[in-house]
file my_file-v1.txt (compact mmCIF, C-alpha atoms and all ligand atoms)
# COMPACT_ATOMS: atom_id res chain seq x y z
CA MET A 118 31.48 -6.34 5.12
CA SER A 119 31.52 -10.06 4.27
CA ASP A 120 31.10 -11.26 0.73
CA ASN A 121 27.94 -13.04 1.80
CA HIS A 122 26.32 -9.79 2.99
CA LEU A 123 22.92 -9.27 1.40
CA ARG A 124 22.27 -5.57 0.92
CA LEU A 125 18.92 -4.11 1.93
CA GLY A 126 17.68 -1.18 -0.11
CA VAL A 127 14.76 0.53 1.58
CA ASN A 128 12.29 2.07 -0.85
CA ILE A 129 10.72 5.19 0.63
CA ASP A 130 8.23 5.98 -2.17
CA HIS A 131 5.19 5.32 -0.06
CA VAL A 132 6.18 7.77 2.64
CA ALA A 133 5.73 10.29 -0.16
CA THR A 134 2.42 8.64 -1.13
CA VAL A 135 1.07 9.36 2.36
CA ARG A 136 2.46 12.89 2.30
CA ASN A 137 0.90 13.60 -1.08
CA ALA A 138 -2.50 12.32 0.07
CA ARG A 139 -2.82 15.71 1.80
CA GLY A 140 -0.18 17.79 0.06
CA GLY A 141 2.12 19.59 2.48
CA ALA A 142 5.38 18.44 3.96
CA TYR A 143 4.78 15.41 6.17
CA PRO A 144 5.53 12.59 6.54
CA ASP A 145 8.91 13.57 5.14
CA PRO A 146 10.58 10.92 2.92
CA LEU A 147 14.02 12.36 3.73
CA ARG A 148 13.47 11.83 7.43
CA ALA A 149 12.39 8.25 6.66
CA ALA A 150 15.52 7.75 4.55
CA LYS A 151 17.81 8.95 7.35
CA LEU A 152 16.02 6.70 9.87
CA ALA A 153 16.32 3.78 7.45
CA GLU A 154 20.06 4.42 7.20
CA GLU A 155 20.38 4.37 10.97
CA ALA A 156 18.30 1.18 11.14
CA GLY A 157 20.74 -0.64 8.86
CA ALA A 158 19.63 0.02 5.28
CA ASP A 159 22.56 -0.36 2.90
CA GLY A 160 20.91 1.92 0.38
CA ILE A 161 17.81 4.00 -0.27
CA THR A 162 15.63 3.45 -3.30
CA ALA A 163 13.26 6.04 -4.74
CA HIS A 164 11.22 5.97 -7.93
CA LEU A 165 10.61 9.33 -9.59
CA ARG A 166 7.57 8.50 -11.66
CA GLU A 167 6.67 10.43 -14.78
CA ASP A 168 3.42 11.53 -13.11
CA ARG A 169 5.23 12.36 -9.79
CA ARG A 170 2.55 10.51 -7.89
CA HIS A 171 4.80 9.96 -4.88
CA ILE A 172 8.48 11.01 -4.98
CA SER A 173 9.03 14.56 -6.25
CA ASP A 174 11.98 16.19 -7.98
CA ALA A 175 12.70 18.08 -4.76
CA ASP A 176 12.80 14.75 -2.86
CA ILE A 177 15.51 13.50 -5.22
CA ASP A 178 17.47 16.76 -4.77
CA GLY A 179 17.17 16.32 -0.99
CA LEU A 180 18.13 12.64 -1.01
CA MET A 181 21.25 13.35 -3.05
CA GLU A 182 22.19 15.96 -0.49
CA VAL A 183 21.52 14.18 2.80
CA LEU A 184 22.17 10.48 2.21
CA SER A 185 25.29 8.77 3.48
CA VAL A 186 24.36 5.48 1.81
CA PRO A 187 23.96 5.08 -1.98
CA LEU A 188 20.79 6.16 -3.74
CA ASN A 189 19.22 3.70 -6.15
CA PHE A 190 17.24 5.95 -8.49
CA GLU A 191 14.38 4.11 -10.19
CA MET A 192 13.12 5.60 -13.41
CA ALA A 193 11.41 4.92 -16.70
CA ALA A 194 13.51 4.96 -19.88
CA THR A 195 12.48 8.47 -20.94
CA PRO A 196 14.63 11.42 -22.06
CA GLU A 197 13.38 13.52 -19.15
CA MET A 198 14.44 10.93 -16.57
CA GLN A 199 17.77 10.40 -18.29
CA GLN A 200 18.46 14.14 -17.97
CA ILE A 201 17.59 14.10 -14.29
CA ALA A 202 19.79 11.07 -13.65
CA LEU A 203 22.68 12.62 -15.54
CA ARG A 204 22.34 15.78 -13.49
CA HIS A 205 22.46 13.93 -10.17
CA LYS A 206 24.65 10.93 -11.08
CA PRO A 207 23.27 8.68 -8.34
CA HIS A 208 25.19 5.55 -7.37
CA ALA A 209 22.68 3.35 -9.19
CA VAL A 210 19.94 3.78 -11.74
CA CYS A 211 17.29 1.10 -12.06
CA ILE A 212 15.28 1.17 -15.27
CA VAL A 213 11.69 0.12 -14.68
CA PRO A 214 8.59 -0.07 -16.87
CA GLU A 215 5.82 2.41 -16.19
CA LYS A 216 3.51 1.78 -19.12
CA ARG A 217 1.67 -1.41 -19.97
CA GLU A 218 3.40 -1.76 -23.35
CA GLU A 219 6.87 -1.55 -21.77
CA ARG A 220 6.22 -4.65 -19.67
CA THR A 221 6.70 -8.34 -20.26
CA THR A 222 3.78 -10.63 -19.43
CA GLU A 223 5.47 -11.17 -16.05
CA GLY A 224 5.71 -7.44 -15.35
CA GLY A 225 9.41 -6.62 -15.74
CA LEU A 226 10.84 -4.40 -18.44
CA GLU A 227 10.51 -5.69 -22.01
CA VAL A 228 14.22 -5.58 -22.84
CA ALA A 229 14.37 -8.21 -25.55
CA ARG A 230 12.12 -6.27 -27.93
CA GLU A 231 13.76 -2.90 -27.23
CA GLU A 232 17.39 -3.90 -27.17
CA ASN A 233 18.89 -1.21 -29.40
CA LYS A 234 16.87 1.58 -27.91
CA LEU A 235 17.74 0.57 -24.36
CA ALA A 236 21.42 0.04 -25.17
CA HIS A 237 21.58 3.64 -26.41
CA PHE A 238 19.56 4.86 -23.48
CA ILE A 239 21.80 3.38 -20.78
CA ALA A 240 25.17 4.12 -22.40
CA PRO A 241 25.41 7.76 -21.16
CA LEU A 242 24.28 6.71 -17.70
CA ARG A 243 27.07 4.15 -17.55
CA ASP A 244 29.53 6.70 -18.90
CA ALA A 245 28.48 9.05 -16.09
CA GLY A 246 29.46 6.37 -13.56
CA CYS A 247 26.00 5.12 -12.56
CA ARG A 248 25.54 1.40 -12.02
CA VAL A 249 22.72 0.54 -14.38
CA SER A 250 20.22 -2.04 -13.24
CA ILE A 251 17.32 -3.38 -15.29
CA PHE A 252 14.13 -4.53 -13.56
CA ILE A 253 13.05 -7.72 -15.32
CA ALA A 254 11.05 -10.90 -14.98
CA ALA A 255 12.79 -14.19 -14.22
CA ASP A 256 12.92 -14.92 -17.93
CA GLN A 257 16.08 -16.11 -19.67
CA ARG A 258 15.39 -14.08 -22.82
CA GLN A 259 15.13 -10.85 -20.88
CA ILE A 260 18.25 -11.62 -18.85
CA GLU A 261 20.28 -12.35 -21.97
CA ALA A 262 19.05 -9.11 -23.53
CA ALA A 263 19.92 -7.12 -20.37
CA HIS A 264 23.41 -8.61 -20.53
CA ARG A 265 23.80 -7.77 -24.23
CA ILE A 266 22.83 -4.12 -23.78
CA GLY A 267 25.59 -3.66 -21.19
CA ALA A 268 23.68 -3.55 -17.91
CA GLU A 269 25.84 -4.45 -14.91
CA VAL A 270 22.93 -5.39 -12.68
CA ILE A 271 19.52 -6.97 -13.07
CA GLU A 272 16.77 -6.76 -10.49
CA LEU A 273 14.45 -9.76 -10.64
CA HIS A 274 10.75 -9.01 -10.20
CA THR A 275 9.45 -10.94 -7.20
CA GLY A 276 5.88 -9.63 -7.53
CA ALA A 277 4.29 -12.76 -9.03
CA TYR A 278 5.85 -14.99 -6.35
CA CYS A 279 4.61 -12.66 -3.60
CA ASP A 280 1.12 -12.32 -5.10
CA PHE A 281 0.64 -16.10 -5.36
CA HIS A 282 1.93 -16.50 -1.82
CA ALA A 283 -0.53 -13.89 -0.51
CA GLU A 284 -3.40 -15.62 -2.33
CA GLY A 285 -2.48 -18.97 -0.76
CA ARG A 286 -1.63 -20.44 -4.18
CA MET A 287 1.44 -22.18 -2.83
CA ASP A 288 2.14 -24.42 -5.84
CA ASP A 289 2.20 -21.37 -8.10
CA ALA A 290 4.35 -19.47 -5.58
CA ALA A 291 6.78 -22.41 -5.45
CA ARG A 292 6.98 -22.44 -9.26
CA GLU A 293 7.75 -18.70 -9.36
CA LEU A 294 10.33 -19.11 -6.63
CA GLU A 295 12.02 -21.89 -8.58
CA ALA A 296 12.17 -19.66 -11.67
CA LEU A 297 13.71 -16.88 -9.55
CA ARG A 298 16.26 -19.33 -8.16
CA GLU A 299 17.23 -20.68 -11.57
CA MET A 300 17.38 -17.26 -13.19
CA SER A 301 19.47 -15.79 -10.33
CA ALA A 302 22.05 -18.48 -10.99
CA PHE A 303 21.81 -18.00 -14.76
CA ALA A 304 22.27 -14.21 -14.56
CA HIS A 305 25.18 -14.64 -12.17
CA SER A 306 26.81 -17.07 -14.60
CA LEU A 307 26.74 -14.29 -17.23
CA GLY A 308 28.57 -11.98 -14.83
CA LEU A 309 25.53 -9.87 -13.93
CA GLU A 310 25.00 -8.71 -10.36
CA VAL A 311 21.61 -9.94 -9.20
CA HIS A 312 19.14 -7.94 -7.12
CA ALA A 313 15.50 -8.76 -6.40
CA GLY A 314 12.40 -7.00 -5.19
CA HIS A 315 8.75 -6.05 -5.37
CA GLY A 316 6.08 -7.12 -2.93
CA LEU A 317 8.45 -8.77 -0.43
CA THR A 318 7.21 -9.18 3.14
CA TYR A 319 8.32 -11.00 6.29
CA ASP A 320 6.42 -14.03 4.91
CA THR A 321 8.15 -14.10 1.55
CA VAL A 322 11.62 -12.62 2.02
CA GLN A 323 13.59 -15.55 3.36
CA PRO A 324 13.53 -17.99 0.41
CA VAL A 325 14.69 -15.18 -1.90
CA ALA A 326 17.30 -13.93 0.60
CA ALA A 327 18.74 -17.44 0.70
CA PHE A 328 19.69 -17.47 -3.00
CA PRO A 329 23.47 -17.04 -2.83
CA GLU A 330 23.65 -15.12 -6.13
CA VAL A 331 21.29 -12.38 -4.92
CA ARG A 332 23.29 -9.43 -3.62
CA GLU A 333 20.56 -6.89 -2.81
CA LEU A 334 16.85 -6.78 -2.01
CA ASN A 335 14.79 -3.63 -2.52
CA ILE A 336 11.80 -3.47 -0.23
CA GLY A 337 9.35 -0.63 0.34
CA HIS A 338 5.60 -0.90 0.52
CA PHE A 339 5.45 -3.60 3.19
CA LEU A 340 8.01 -1.84 5.40
CA ILE A 341 6.25 1.51 5.24
CA GLY A 342 2.96 -0.21 6.07
CA GLU A 343 4.52 -2.18 8.91
CA ALA A 344 6.01 1.05 10.27
CA ILE A 345 2.47 2.17 11.14
CA PHE A 346 2.24 -0.64 13.64
CA ARG A 347 5.74 -1.05 15.00
CA GLY A 348 7.66 2.02 13.84
CA LEU A 349 10.03 2.30 10.90
CA THR A 350 13.22 1.39 12.76
CA PRO A 351 11.91 -1.87 14.28
CA ALA A 352 10.20 -2.77 10.98
CA ILE A 353 13.49 -2.44 9.08
CA LYS A 354 15.53 -4.14 11.82
CA GLU A 355 13.23 -7.15 11.72
CA MET A 356 13.60 -7.39 7.91
CA ARG A 357 17.37 -7.12 8.30
CA ARG A 358 17.33 -9.89 10.93
CA MET A 359 15.23 -12.17 8.73
CA MET A 360 17.51 -11.59 5.74
CA ASP A 361 20.61 -12.36 7.81
CA GLU A 362 18.96 -15.47 9.24
CA ALA A 363 18.10 -16.73 5.75
CA ARG A 364 21.62 -16.03 4.58
CA ALA A 365 23.37 -17.78 7.47
N1 LIG B 401 12.21 -2.93 -6.94
C1 LIG B 401 11.69 -2.21 -7.96
C2 LIG B 401 12.43 -2.17 -9.25
C3 LIG B 401 10.49 -1.51 -7.80
O1 LIG B 401 9.99 -0.79 -8.81
C4 LIG B 401 9.85 -1.53 -6.54
C5 LIG B 401 8.58 -0.77 -6.33
O2 LIG B 401 8.79 0.57 -6.55
C6 LIG B 401 10.44 -2.26 -5.51
C7 LIG B 401 11.61 -2.98 -5.74
C8 LIG B 401 9.86 -2.30 -4.14
O3 LIG B 401 8.62 -2.95 -4.16
P1 LIG B 401 7.72 -2.89 -2.88
O4 LIG B 401 7.41 -1.47 -2.61
O5 LIG B 401 6.53 -3.71 -3.27
O6 LIG B 401 8.51 -3.52 -1.75
call {"tool": "encode", "arguments": {"input": "my_file-v1.txt", "output": "structure tokens", "more": "lines below"}}
Ligand code: PXP
result
Amino acid sequence: MSDNHLRLGVNIDHVATVRNARGGAYPDPLRAAKLAEEAGADGITAHLREDRRHISDADIDGLMEVLSVPLNFEMAATPEMQQIALRHKPHAVCIVPEKREERTTEGGLEVAREENKLAHFIAPLRDAGCRVSIFIAADQRQIEAAHRIGAEVIELHTGAYCDFHAEGRMDDAARELEALREMSAFAHSLGLEVHAGHGLTYDTVQPVAAFPEVRELNIGHFLIGEAIFRGLTPAIKEMRRMMDEARA
């Protein structure tokens, strides 16, 4: 695969959201993950939340068993989640905030204030061979802190950019996009691998996909919604096509 290849991680959480709306077994997130693989996903992302509102422990067991592509396991920085990650040793672990007080004003993880704690938290995950990614705002302080604690990857939070875009606040969206562009380059200059995600759609993906430093996008909610109308495979293939077009 070329060095310019932008990886697409398909987040299947909201297949589980629909399943859990009724309890029971369908729609099955594992089936969605296998279809996503066939449609060209380079990885599958799943967030095991503390309250298990969508993905369940059994889903993670199943994903580890059936996937041919890497699993990006999103989790809060809690001892319980650390244990689960250490048991499964997924390819990647992405540390995300779940509680208000763990977030920066922009919504990513508050790394700068919790540096020591997070450095200790991620060390065993790194030792177990997981690539540790930290989900943060496009904020230089947070990026520097992520670098200092020994993360190999950061995932930049694209939610504010996407929200402004959806509200038609194009000047604000352009400002957020510029911050994402600058901070992608800054993080890359520190030697961090840069990923991005949250809220991306066909309308917002291409400017982010065009940043040369970004190596992976993680996209879920929009794709699962779009799958209702056009099917999961065509929804993912169209995202893949748009990413490749932006990258060319
Ligand atoms: N990246 C991270 C770190 C996330 O927590 C999420 C949402 O779970 C996503 C990407 C995907 O966001 P969305 O579902 O809005 O595409």
call {"tool": "residues_near_ligand", "arguments": {"input": "my_file-v1.txt", "ligand": "ligand LIG 401 (chain B)", "cutoff": "9 Å", "atoms": "all atoms listed in the file", "output": "ChimeraX atom specification"}}
result
/A:126-131,162-164,191-192,211-214,225,250-253,272-276,312-318,334-341
call {"tool": "residues_around", "arguments": {"input": "my_file-v1.txt", "residues": "A:Gln259", "least_positions_apart": "3", "cutoff": "6 Å", "atoms": "only C-alpha atoms", "output": "list in words"}}
result
Val228, Ala229, Asp256 and Ala262 of chain A
call {"tool": "residues_near_point", "arguments": {"input": "my_file-v1.txt", "point": "(16.2, 9.5, -9.1)", "cutoff": "10 Å", "atoms": "all atoms listed in the file", "output": "compact mmCIF listing (two decimals) with C-alpha atoms, in the frame of the given file"}}
result
# COMPACT_ATOMS: atom_id res chain seq x y z
CA THR A 162 15.63 3.45 -3.30
CA ALA A 163 13.26 6.04 -4.74
CA HIS A 164 11.22 5.97 -7.93
CA LEU A 165 10.61 9.33 -9.59
CA ARG A 166 7.57 8.50 -11.66
CA ILE A 172 8.48 11.01 -4.98
CA SER A 173 9.03 14.56 -6.25
CA ASP A 174 11.98 16.19 -7.98
CA ASP A 176 12.80 14.75 -2.86
CA ILE A 177 15.51 13.50 -5.22
CA ASP A 178 17.47 16.76 -4.77
CA LEU A 180 18.13 12.64 -1.01
CA MET A 181 21.25 13.35 -3.05
CA LEU A 188 20.79 6.16 -3.74
CA ASN A 189 19.22 3.70 -6.15
CA PHE A 190 17.24 5.95 -8.49
CA GLU A 191 14.38 4.11 -10.19
CA MET A 192 13.12 5.60 -13.41
CA MET A 198 14.44 10.93 -16.57
CA GLN A 199 17.77 10.40 -18.29
CA ILE A 201 17.59 14.10 -14.29
CA ALA A 202 19.79 11.07 -13.65
CA LEU A 203 22.68 12.62 -15.54
CA ARG A 204 22.34 15.78 -13.49
CA HIS A 205 22.46 13.93 -10.17
CA LYS A 206 24.65 10.93 -11.08
CA PRO A 207 23.27 8.68 -8.34
CA HIS A 208 25.19 5.55 -7.37
CA ALA A 209 22.68 3.35 -9.19
CA VAL A 210 19.94 3.78 -11.74
CA CYS A 211 17.29 1.10 -12.06
call {"tool": "atom_distance", "arguments": {"input": "my_file-v1.txt", "atom1": "atom CA of A:Cys247", "atom2": "atom CA of A:Arg230"}}
result
23.6 Å
call {"tool": "closest_residue", "arguments": {"input": "my_file-v1.txt", "among": "A:Ala268, A:Ser301, A:Ile161, A:Thr222", "to": "A:Asp244", "atoms": "all atoms listed in the file"}}
result
A:Ala268
call {"tool": "atom_distance", "arguments": {"input": "my_file-v1.txt", "atom1": "atom CA of A:Ala304", "atom2": "atom CA of A:Gly285"}}
result
28.7 Å
call {"tool": "closest_residue", "arguments": {"input": "my_file-v1.txt", "among": "A:Asp320, A:Asp289, A:Glu284, A:Glu330", "to": "A:His305", "atoms": "all atoms listed in the file"}}
result
A:Glu330
call {"tool": "atom_distance", "arguments": {"input": "my_file-v1.txt", "atom1": "atom CA of A:Lys216", "atom2": "atom CA of A:Lys234"}}
result
16.0 Å
call {"tool": "closest_residue", "arguments": {"input": "my_file-v1.txt", "among": "A:Met360, A:Ile239, A:Leu297, A:Val331", "to": "A:Glu223", "atoms": "all atoms listed in the file"}}
result
A:Leu297
call {"tool": "residues_around", "arguments": {"input": "my_file-v1.txt", "residues": "A:Asp361", "least_positions_apart": "3", "cutoff": "9 Å", "atoms": "only C-alpha atoms", "output": "number ranges by chain"}}
result
A: 122-123, 323, 326-327, 356-358, 364-365
call {"tool": "residues_near_point", "arguments": {"input": "my_file-v1.txt", "point": "(7.9, -19.0, -0.8)", "cutoff": "9 Å", "atoms": "all atoms listed in the file", "output": "compact mmCIF listing (two decimals) with C-alpha atoms, in the frame of the given file"}}
result
# COMPACT_ATOMS: atom_id res chain seq x y z
CA TYR A 278 5.85 -14.99 -6.35
CA CYS A 279 4.61 -12.66 -3.60
CA HIS A 282 1.93 -16.50 -1.82
CA MET A 287 1.44 -22.18 -2.83
CA ALA A 290 4.35 -19.47 -5.58
CA ALA A 291 6.78 -22.41 -5.45
CA GLU A 293 7.75 -18.70 -9.36
CA LEU A 294 10.33 -19.11 -6.63
CA ASP A 320 6.42 -14.03 4.91
CA THR A 321 8.15 -14.10 1.55
CA VAL A 322 11.62 -12.62 2.02
CA GLN A 323 13.59 -15.55 3.36
CA PRO A 324 13.53 -17.99 0.41
CA VAL A 325 14.69 -15.18 -1.90
call {"tool": "closest_residue", "arguments": {"input": "my_file-v1.txt", "among": "A:Ser185, A:Glu333, A:Glu362, A:Arg169", "to": "A:Leu147", "atoms": "only C-alpha atoms"}}
result
A:Ser185
